[in-house]
Amino acid sequence: MGLQQFPDAEVQAKAEQLGVVGPGEPVPKAMLNRVKAALVEERRAGALVKAPDEPKAAKQITVQGSQITVDGKPFPWLVARTPMEIGLAPDGSGTVRLTLLADSVQVLSPKTDSNESE
């Protein structure tokens with residue numbers, strides 16, 4: 001990984017947050033690398049936590065016997081041995097309705113925006 005540059009204000013704020021210096025005090029050169037290392041770890045952790053992808057339609061669903069793949073990846077859940085409903089359109093697109101097995105099911109009301117009036 002290459003060297004990362006941090007603005008002085010960001011280094012100062014991190015040093016104050018870590019308690020290395022008080023507000024407005026200069027960061028000692030001996031502590032500068034430790035503060036920058038903390039900033040690198042913070043950025044690395046932030047890069048690992050990403051927002052979930054928006055829901056999207058599958059490109060391809062393949063059903064062959066009990067094997068189901070979605071976009072080339074095995075479907076990771078157990079499917080009940082009940083008939084599937086498969087709908088195909090003339091253009092090749094379609095839908096698959098199946099029953100998933102679960103140990104527990106919880107149905108919650110959707111979250112509402114706090115800006116909405118009641």
# chains A, B, ... in the order shown; residues from 1 in each chain; ligands from 1
>>> select_by_dssp(residues="region 7-117 of chain A", states="alpha helix (DSSP H)", output="PyMOL selection string")
chain A and resi 8-18+29-48
>>> select_by_dssp(residues="region 38-101 of chain A", states="strand (DSSP E)", output="ChimeraX atom specification")
/A:61-64,67-70,73-74,85-88,94-97
>>> write_last_selection(atoms="N, CA and C atoms", output="compact mmCIF listing (two decimals), in the first residue's frame")
# COMPACT_ATOMS: atom_id res chain seq x y z
N ILE A 61 -31.75 -17.27 -13.88
CA ILE A 61 -32.09 -18.29 -12.88
C ILE A 61 -32.19 -19.61 -13.62
N THR A 62 -31.47 -20.62 -13.12
CA THR A 62 -31.49 -21.93 -13.73
C THR A 62 -32.01 -22.94 -12.71
N VAL A 63 -33.03 -23.71 -13.09
CA VAL A 63 -33.58 -24.76 -12.24
C VAL A 63 -33.37 -26.07 -12.98
N GLN A 64 -32.61 -26.97 -12.36
CA GLN A 64 -32.35 -28.28 -12.97
C GLN A 64 -32.48 -29.32 -11.87
N GLN A 67 -31.37 -28.58 -8.21
CA GLN A 67 -30.31 -27.57 -8.27
C GLN A 67 -30.87 -26.25 -8.79
N ILE A 68 -30.66 -25.18 -8.03
CA ILE A 68 -31.08 -23.84 -8.45
C ILE A 68 -29.86 -22.95 -8.41
N THR A 69 -29.61 -22.25 -9.52
CA THR A 69 -28.53 -21.26 -9.52
C THR A 69 -29.12 -19.91 -9.90
N VAL A 70 -28.58 -18.87 -9.28
CA VAL A 70 -28.97 -17.50 -9.58
C VAL A 70 -27.71 -16.77 -10.01
N LYS A 73 -24.53 -18.70 -9.42
CA LYS A 73 -24.16 -19.07 -8.06
C LYS A 73 -25.26 -19.96 -7.47
N PRO A 74 -24.87 -21.00 -6.73
CA PRO A 74 -25.88 -21.86 -6.13
C PRO A 74 -26.79 -21.07 -5.19
N GLU A 85 -43.79 -22.16 -9.40
CA GLU A 85 -44.51 -21.50 -10.49
C GLU A 85 -43.47 -20.78 -11.33
N ILE A 86 -43.38 -21.13 -12.58
CA ILE A 86 -42.41 -20.51 -13.47
C ILE A 86 -43.17 -19.86 -14.61
N GLY A 87 -42.96 -18.57 -14.78
CA GLY A 87 -43.61 -17.83 -15.85
C GLY A 87 -42.57 -17.34 -16.84
N LEU A 88 -42.78 -17.64 -18.10
CA LEU A 88 -41.84 -17.22 -19.14
C LEU A 88 -42.54 -16.28 -20.12
N GLY A 94 -38.67 -13.77 -17.28
CA GLY A 94 -39.71 -14.50 -16.58
C GLY A 94 -39.60 -14.35 -15.08
N THR A 95 -40.39 -15.16 -14.39
CA THR A 95 -40.42 -15.15 -12.94
C THR A 95 -40.39 -16.59 -12.44
N VAL A 96 -39.88 -16.76 -11.21
CA VAL A 96 -39.90 -18.05 -10.55
C VAL A 96 -40.46 -17.83 -9.16
N ARG A 97 -41.51 -18.56 -8.80
CA ARG A 97 -42.08 -18.48 -7.46
C ARG A 97 -41.81 -19.82 -6.79
>>> atom_distance(atom1="CA of Met31 (chain A)", atom2="CA of Lys14 (chain A)")
11.4 Å
>>> residues_around(residues="region 100-112 of chain A", least_positions_apart="4", cutoff="6 Å", atoms="only C-alpha atoms", output="ChimeraX atom specification")
/A:78-80
>>> write_last_selection(atoms="all heavy atoms", output="mmCIF file, in the first residue's frame")
data_model
loop_
_atom_site.group_PDB
_atom_site.id
_atom_site.type_symbol
_atom_site.label_atom_id
_atom_site.label_comp_id
_atom_site.auth_asym_id
_atom_site.auth_seq_id
_atom_site.Cartn_x
_atom_site.Cartn_y
_atom_site.Cartn_z
ATOM 1 N N LEU A 78 -32.604 -23.577 1.455
ATOM 2 C CA LEU A 78 -33.381 -24.776 1.146
ATOM 3 C C LEU A 78 -34.721 -24.382 0.557
ATOM 4 O O LEU A 78 -35.366 -23.450 1.020
ATOM 5 C CB LEU A 78 -33.605 -25.597 2.420
ATOM 6 C CG LEU A 78 -32.363 -26.252 3.018
ATOM 7 C CD1 LEU A 78 -32.714 -26.920 4.343
ATOM 8 C CD2 LEU A 78 -31.778 -27.263 2.046
ATOM 9 N N VAL A 79 -35.135 -25.120 -0.455
ATOM 10 C CA VAL A 79 -36.401 -24.862 -1.127
ATOM 11 C C VAL A 79 -37.326 -26.038 -0.819
ATOM 12 O O VAL A 79 -36.921 -27.199 -0.885
ATOM 13 C CB VAL A 79 -36.192 -24.722 -2.656
ATOM 14 C CG1 VAL A 79 -37.503 -24.560 -3.381
ATOM 15 C CG2 VAL A 79 -35.254 -23.548 -2.943
ATOM 16 N N ALA A 80 -38.571 -25.722 -0.470
ATOM 17 C CA ALA A 80 -39.546 -26.764 -0.148
ATOM 18 C C ALA A 80 -39.880 -27.589 -1.379
ATOM 19 O O ALA A 80 -39.818 -27.106 -2.511
ATOM 20 C CB ALA A 80 -40.807 -26.129 0.427
#
>>> closest_residue(among="A:Ala15, A:Ala58, A:Leu98, A:Leu39", to="Trp77 (chain A)", atoms="only C-alpha atoms")
A:Leu98
>>> closest_residue(among="A:Leu48, A:Gly65, A:Val11, A:Pro55", to="Arg34 (chain A)", atoms="only C-alpha atoms")
A:Val11
>>> closest_residue(among="A:Asn33, A:Pro26, A:Gln60, A:Ala38", to="Ser93 (chain A)", atoms="only C-alpha atoms")
A:Gln60
